[in-house]
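Asker: Have a peek at coords34.cif (mmCIF, C-alpha atoms).
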```
data_run
#
loop_
_atom_site.group_PDB
_atom_site.id
_atom_site.type_symbol
_atom_site.label_atom_id
_atom_site.label_comp_id
_atom_site.auth_asym_id
_atom_site.auth_seq_id
_atom_site.Cartn_x
_atom_site.Cartn_y
_atom_site.Cartn_z
ATOM 1 C CA MET N 2 49.169 57.796 67.140
ATOM 2 C CA ASP N 3 48.029 54.331 66.048
ATOM 3 C CA ILE N 4 50.554 51.691 67.054
ATOM 4 C CA GLY N 5 48.297 48.785 66.079
ATOM 5 C CA ILE N 6 49.396 45.184 66.036
ATOM 6 C CA GLY N 7 50.870 44.332 62.683
ATOM 7 C CA GLY N 8 48.798 47.147 61.213
ATOM 8 C CA LYS N 9 45.567 45.330 62.148
ATOM 9 C CA SER N 10 44.445 47.262 65.203
ATOM 10 C CA PRO N 11 42.544 50.554 65.301
ATOM 11 C CA PHE N 12 43.454 51.123 68.964
ATOM 12 C CA THR N 13 45.420 54.186 69.892
ATOM 13 C CA CYS N 14 48.683 54.039 71.793
ATOM 14 C CA GLU N 15 46.897 55.172 74.962
ATOM 15 C CA THR N 16 44.235 52.452 74.669
ATOM 16 C CA MET N 17 46.763 49.732 73.866
ATOM 17 C CA HIS N 18 48.668 50.546 77.051
ATOM 18 C CA ASN N 19 45.600 50.320 79.294
ATOM 19 C CA PRO N 20 45.423 46.656 80.330
ATOM 20 C CA GLY N 21 42.174 47.122 82.269
ATOM 21 C CA PHE N 22 40.417 48.370 79.143
ATOM 22 C CA MET N 23 41.854 45.617 76.966
ATOM 23 C CA ILE N 24 41.007 42.841 79.456
ATOM 24 C CA ARG N 25 37.458 44.154 79.912
ATOM 25 C CA ARG N 26 37.014 44.413 76.158
ATOM 26 C CA LEU N 27 38.342 40.881 75.587
ATOM 27 C CA HIS N 28 35.948 39.600 78.257
ATOM 28 C CA GLN N 29 33.043 41.304 76.452
ATOM 29 C CA ILE N 30 34.122 39.659 73.212
ATOM 30 C CA TYR N 31 34.376 36.244 74.869
ATOM 31 C CA VAL N 32 30.940 36.544 76.470
ATOM 32 C CA ALA N 33 29.474 37.452 73.061
ATOM 33 C CA LEU N 34 31.201 34.481 71.401
ATOM 34 C CA PHE N 35 30.084 32.146 74.200
ATOM 35 C CA ALA N 36 26.487 33.380 73.866
ATOM 36 C CA ASP N 37 26.632 32.952 70.096
ATOM 37 C CA GLU N 38 27.986 29.404 70.324
ATOM 38 C CA THR N 39 25.646 28.316 73.125
ATOM 39 C CA MET N 40 22.506 29.994 71.805
ATOM 40 C CA GLY N 41 19.424 28.210 73.099
ATOM 41 C CA LEU N 42 21.337 26.181 75.696
ATOM 42 C CA GLU N 43 20.510 28.662 78.481
ATOM 43 C CA ILE N 44 23.784 28.318 80.411
ATOM 44 C CA THR N 45 26.158 31.139 81.305
ATOM 45 C CA PRO N 46 29.954 30.817 81.514
ATOM 46 C CA VAL N 47 29.810 30.893 85.335
ATOM 47 C CA GLN N 48 27.082 28.242 85.418
ATOM 48 C CA LEU N 49 29.197 26.092 83.110
ATOM 49 C CA SER N 50 32.183 26.538 85.424
ATOM 50 C CA VAL N 51 30.065 25.324 88.345
ATOM 51 C CA LEU N 52 28.828 22.291 86.411
ATOM 52 C CA ARG N 53 32.378 21.423 85.361
ATOM 53 C CA ALA N 54 33.660 21.742 88.936
ATOM 54 C CA ILE N 55 30.888 19.496 90.264
ATOM 55 C CA SER N 56 31.589 16.938 87.541
ATOM 56 C CA LYS N 57 35.202 16.608 88.728
ATOM 57 C CA GLN N 58 34.079 15.472 92.157
ATOM 58 C CA ALA N 59 30.432 15.061 93.100
ATOM 59 C CA GLY N 60 29.370 15.953 96.612
ATOM 60 C CA ARG N 61 31.754 18.851 97.150
ATOM 61 C CA ASP N 62 30.484 21.743 99.196
ATOM 62 C CA GLN N 63 29.581 25.100 97.677
ATOM 63 C CA SER N 64 32.484 26.909 99.372
ATOM 64 C CA ALA N 65 35.083 24.588 97.845
ATOM 65 C CA ILE N 66 33.588 25.060 94.398
ATOM 66 C CA ALA N 67 33.471 28.843 94.865
ATOM 67 C CA GLU N 68 37.191 28.791 95.650
ATOM 68 C CA GLU N 69 37.983 26.551 92.688
ATOM 69 C CA ILE N 70 36.292 28.827 90.150
ATOM 70 C CA GLY N 71 37.133 32.143 91.836
ATOM 71 C CA VAL N 72 33.701 33.486 92.781
ATOM 72 C CA ASP N 73 32.460 34.606 96.162
ATOM 73 C CA ARG N 74 30.239 32.291 98.177
ATOM 74 C CA ALA N 75 27.137 34.472 97.781
ATOM 75 C CA THR N 76 27.469 34.416 94.000
ATOM 76 C CA LEU N 77 28.023 30.669 94.017
ATOM 77 C CA ALA N 78 24.945 30.165 96.214
ATOM 78 C CA SER N 79 22.847 32.198 93.765
ATOM 79 C CA VAL N 80 24.206 30.330 90.725
ATOM 80 C CA ALA N 81 23.662 26.972 92.463
ATOM 81 C CA ALA N 82 20.063 27.930 93.283
ATOM 82 C CA ARG N 83 19.421 28.732 89.599
ATOM 83 C CA LEU N 84 21.040 25.491 88.470
ATOM 84 C CA GLU N 85 18.989 23.556 91.021
ATOM 85 C CA SER N 86 15.748 25.226 89.947
ATOM 86 C CA GLY N 87 16.611 24.263 86.361
ATOM 87 C CA GLY N 88 17.054 20.655 87.419
ATOM 88 C CA LEU N 89 20.774 20.597 86.537
ATOM 89 C CA ILE N 90 22.112 20.017 90.043
ATOM 90 C CA ARG N 91 20.888 18.731 93.373
ATOM 91 C CA ARG N 92 21.957 20.314 96.654
ATOM 92 C CA ALA N 93 22.064 18.263 99.836
ATOM 93 C CA ILE N 94 22.828 19.237 103.415
ATOM 94 C CA SER N 95 26.031 17.646 104.717
ATOM 95 C CA ARG N 96 25.546 15.086 107.463
ATOM 96 C CA ARG N 97 28.834 16.163 109.061
ATOM 97 C CA ASP N 98 28.132 19.895 108.992
ATOM 98 C CA GLN N 99 24.556 21.149 108.622
ATOM 99 C CA ARG N 100 25.875 24.496 107.312
ATOM 100 C CA GLN N 101 27.403 22.903 104.217
ATOM 101 C CA LYS N 102 25.497 22.310 101.013
ATOM 102 C CA LEU N 103 26.900 19.527 98.873
ATOM 103 C CA LEU N 104 26.437 19.712 95.119
ATOM 104 C CA HIS N 105 25.683 16.861 92.726
ATOM 105 C CA LEU N 106 24.972 16.842 88.991
ATOM 106 C CA THR N 107 21.617 15.424 87.964
ATOM 107 C CA ALA N 108 21.180 13.387 84.783
ATOM 108 C CA LYS N 109 19.903 16.579 83.149
ATOM 109 C CA GLY N 110 23.017 18.428 84.376
ATOM 110 C CA LYS N 111 25.337 15.738 82.996
ATOM 111 C CA ALA N 112 23.562 15.920 79.642
ATOM 112 C CA ALA N 113 23.810 19.731 79.607
ATOM 113 C CA LEU N 114 27.505 19.560 80.397
ATOM 114 C CA THR N 115 28.035 17.115 77.531
ATOM 115 C CA ARG N 116 26.062 19.373 75.137
ATOM 116 C CA MET N 117 28.155 22.378 76.197
ATOM 117 C CA GLN N 118 31.560 20.867 75.379
ATOM 118 C CA ALA N 119 31.573 21.546 71.631
ATOM 119 C CA PRO N 120 30.096 25.074 71.841
ATOM 120 C CA MET N 121 32.549 25.992 74.610
ATOM 121 C CA ALA N 122 35.462 24.666 72.555
ATOM 122 C CA ARG N 123 34.282 26.690 69.543
ATOM 123 C CA ALA N 124 34.044 29.880 71.650
ATOM 124 C CA ASN N 125 37.574 29.264 72.953
ATOM 125 C CA GLU N 126 38.864 28.639 69.424
ATOM 126 C CA ARG N 127 37.181 31.791 68.129
ATOM 127 C CA ILE N 128 38.586 34.049 70.851
ATOM 128 C CA LEU N 129 42.101 32.784 70.101
ATOM 129 C CA ALA N 130 41.703 32.634 66.299
ATOM 130 C CA PRO N 131 43.573 35.900 65.577
ATOM 131 C CA LEU N 132 46.695 34.332 67.114
ATOM 132 C CA ASP N 133 48.845 31.603 65.587
ATOM 133 C CA GLU N 134 49.514 28.468 67.659
ATOM 134 C CA ALA N 135 52.703 29.790 69.281
ATOM 135 C CA GLU N 136 51.018 33.100 70.127
ATOM 136 C CA GLN N 137 48.066 31.231 71.641
ATOM 137 C CA GLU N 138 50.358 29.259 73.950
ATOM 138 C CA LEU N 139 52.253 32.410 74.923
ATOM 139 C CA PHE N 140 49.027 34.363 75.492
ATOM 140 C CA LEU N 141 47.558 31.639 77.742
ATOM 141 C CA SER N 142 50.829 31.395 79.652
ATOM 142 C CA LEU N 143 50.925 35.158 80.183
ATOM 143 C CA LEU N 144 47.271 35.180 81.274
ATOM 144 C CA ALA N 145 48.034 32.419 83.785
ATOM 145 C CA ASN N 146 50.937 34.489 85.129
ATOM 146 C CA LEU N 147 48.701 37.538 85.512
ATOM 147 C CA VAL N 148 45.954 35.544 87.247
ATOM 148 C CA ASP N 149 48.449 33.842 89.561
ATOM 149 C CA GLY N 150 50.254 37.093 90.316
ATOM 150 C CA GLY N 151 47.100 39.101 90.924
ATOM 151 C CA ASN N 152 45.039 36.479 92.735
ATOM 152 C CA GLU N 153 45.805 37.943 96.164
ATOM 153 C CA HIS N 154 44.079 41.184 95.144
ATOM 154 C CA ALA N 155 40.829 39.553 94.058
ATOM 155 C CA ARG N 156 37.708 39.760 96.200
ATOM 156 C CA ALA N 157 37.225 36.011 95.681
ATOM 157 C CA LYS N 158 40.499 34.108 95.671
ATOM 158 C CA LEU N 159 41.064 31.352 93.136
ATOM 159 C CA LYS N 160 42.351 28.088 94.608
ATOM 160 C CA LEU N 161 43.211 25.639 91.868
ATOM 161 C CA GLN N 162 43.040 22.095 93.189
ATOM 162 C CA PHE N 163 43.732 20.301 89.930
ATOM 163 C CA GLY N 164 46.870 22.079 88.729
ATOM 164 C CA ARG N 165 47.161 24.983 86.354
ATOM 165 C CA ASP N 166 45.413 23.880 83.172
ATOM 166 C CA LEU N 167 43.786 26.848 81.488
ATOM 167 C CA SER N 168 43.448 25.122 78.119
ATOM 168 C CA SER N 169 40.114 23.455 78.835
ATOM 169 C CA GLY N 170 37.944 26.555 78.974
ATOM 170 C CA PRO N 171 36.314 28.629 81.649
ATOM 171 C CA SER N 172 36.678 27.475 85.210
#
```
Show me the file's structure as C-alpha cells.
Answerer:
Amino acid sequence: MDIGIGGKSPFTCETMHNPGFMIRRLHQIYVALFADETMGLEITPVQLSVLRAISKQAGRDQSAIAEEIGVDRATLASVAARLESGGLIRRAISRRDQRQKLLHLTAKGKAALTRMQAPMARANERILAPLDEAEQELFLSLLANLVDGGNEHARAKLKLQFGRDLSSGPS
C-alpha cells in the first residue's frame, strides 16, 4: 500500500511509519545537498558547526563546544585537530587548567566561515524546499521537540547555551 504524501511519495506505508529510516534518509539527503553547495570549500557540516560555535565566543574550551553542538569530546578533539592542521583554528592550553584546550578562529577560519554562509543557507533552503513556509516552520518545531525530548538518550548530550534557534543551520 502506498500512502504517499499528497500523491508525491513512493514510500510504502511500512517505510513511512519508520521514523529511524526517514530521519537517516533525510540526513543522507542533507549531507548530499551540503556537499553539492559547498563543493571545493573542503568543510564538513560538523567542522562548520565547530567554526560557528567558536565564532560565538572565542577562547572556549573543546568540551564546552562539544556539548553545544552535540558531539562527544573525542570526536570534537579529532575535528579540532583537522581544523587546526588546515589553519582554520588555533588551539591553546588554558592557563587556569592545563587539561583544557581553548579554541580560537584564525583569519583563515573567519574567512572560511564567511564563505560558508551562502552555501549553507542554500543547502538549508533546498532541504526544506518541498514544504511551504507554514510546513517548514511546523517541521522545524517538531524536529526541535524530538531533539529536546530525545536528548537524554544521546551518547553526546546537546546543551544549547544560546537558546533554541534551529533556523540558522547546523550546530
Asker: Which one of N:Leu84, N:Val148, N:Ile70, N:Ala124 sits closest to Glu38 of chain N if you count all atoms listed in the file?
Answerer: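 The answer is N:Ala124, which sits nearest to Glu38 of chain N.
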Asker: Would you list the contacts of segment 101-118 of chain N as JSON, numbers by chain, taking every protein, DNA or RNA residue within 9 Å and counting only C-alpha atoms, but skipping same-chain residues closer than 2 positions in sequence?
Answerer: {"N": [39, 42, 44, 49, 52, 53, 55, 56, 58, 59, 60, 61, 62, 63, 64, 66, 81, 84, 87, 88, 89, 90, 91, 92, 93, 94, 95, 96, 97, 98, 99, 120, 121, 122, 123]}
Asker: Hey, can you check how far atom CA of Ala157 of chain N sits from atom CA of Glu68 of chain N?
Answerer: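 A separation of 7.2 Å between them.
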Asker: Written as a PyMOL selection string, which residues does the PyMOL selection byres ((chain N and resi 71) around 8) give for the file shown?
Answerer: chain N and resi 67-70+72-73+157-160
Asker: Let's have the selection written as a short mmCIF file (atom, residue, chain, number, x, y, z; two decimals), in the frame of the given file, with C-alpha atoms.
Answerer:
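The resulting file, out_32.cif, is reproduced below:
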```
data_model
loop_
_atom_site.label_atom_id
_atom_site.label_comp_id
_atom_site.auth_asym_id
_atom_site.auth_seq_id
_atom_site.Cartn_x
_atom_site.Cartn_y
_atom_site.Cartn_z
CA ALA N 67 33.47 28.84 94.86
CA GLU N 68 37.19 28.79 95.65
CA GLU N 69 37.98 26.55 92.69
CA ILE N 70 36.29 28.83 90.15
CA VAL N 72 33.70 33.49 92.78
CA ASP N 73 32.46 34.61 96.16
CA ALA N 157 37.22 36.01 95.68
CA LYS N 158 40.50 34.11 95.67
CA LEU N 159 41.06 31.35 93.14
CA LYS N 160 42.35 28.09 94.61
#
```
Asker: Between atom CA of Ala33 of chain N and atom CA of Leu77 of chain N, what is the distance, to one decimal in Å?
Answerer: 22.1 Å
Asker: Padding of 5 Å on every side, edges along x, y and z, all listed atoms of segment 130-146 of chain N included: what centre and edge lengths in Å, to one decimal, does that box have, as JSON?
Answerer:
```
{"center_x": 47.2, "center_y": 32.2, "center_z": 75.4, "size_x": 21.0, "size_y": 17.4, "size_z": 29.6}
```
Asker: So how many Å separate atom CA of Arg100 of chain N and atom CA of Gln48 of chain N, to one decimal?
Answerer: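 Going from atom CA of Arg100 of chain N over to atom CA of Gln48 of chain N covers 22.2 Å.
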Asker: Using only C-alpha atoms, pick whichever of N:Ser86, N:Asn125, N:Thr45, N:Thr76 has the shortest atom-to-atom distance to Ile30 of chain N.
Answerer: N:Asn125
Asker: Find the spatial neighbours of segment 126-132 of chain N, counting all atoms listed in the file, within a cut-off of 10 Å - ignore same-chain residues fewer than 6 positions away - and output them as an mmCIF file with C-alpha atoms, in the coordinates of the input.
Answerer:
```cif
data_model
loop_
_atom_site.group_PDB
_atom_site.id
_atom_site.type_symbol
_atom_site.label_atom_id
_atom_site.label_comp_id
_atom_site.auth_asym_id
_atom_site.auth_seq_id
_atom_site.Cartn_x
_atom_site.Cartn_y
_atom_site.Cartn_z
ATOM 1 C CA LEU N 27 38.342 40.881 75.587
ATOM 2 C CA HIS N 28 35.948 39.600 78.257
ATOM 3 C CA ILE N 30 34.122 39.659 73.212
ATOM 4 C CA TYR N 31 34.376 36.244 74.869
ATOM 5 C CA VAL N 32 30.940 36.544 76.470
ATOM 6 C CA ALA N 33 29.474 37.452 73.061
ATOM 7 C CA LEU N 34 31.201 34.481 71.401
ATOM 8 C CA PHE N 35 30.084 32.146 74.200
ATOM 9 C CA GLU N 38 27.986 29.404 70.324
ATOM 10 C CA PRO N 120 30.096 25.074 71.841
ATOM 11 C CA GLU N 138 50.358 29.259 73.950
ATOM 12 C CA LEU N 139 52.253 32.410 74.923
ATOM 13 C CA PHE N 140 49.027 34.363 75.492
ATOM 14 C CA LEU N 141 47.558 31.639 77.742
ATOM 15 C CA GLY N 170 37.944 26.555 78.974
#
```
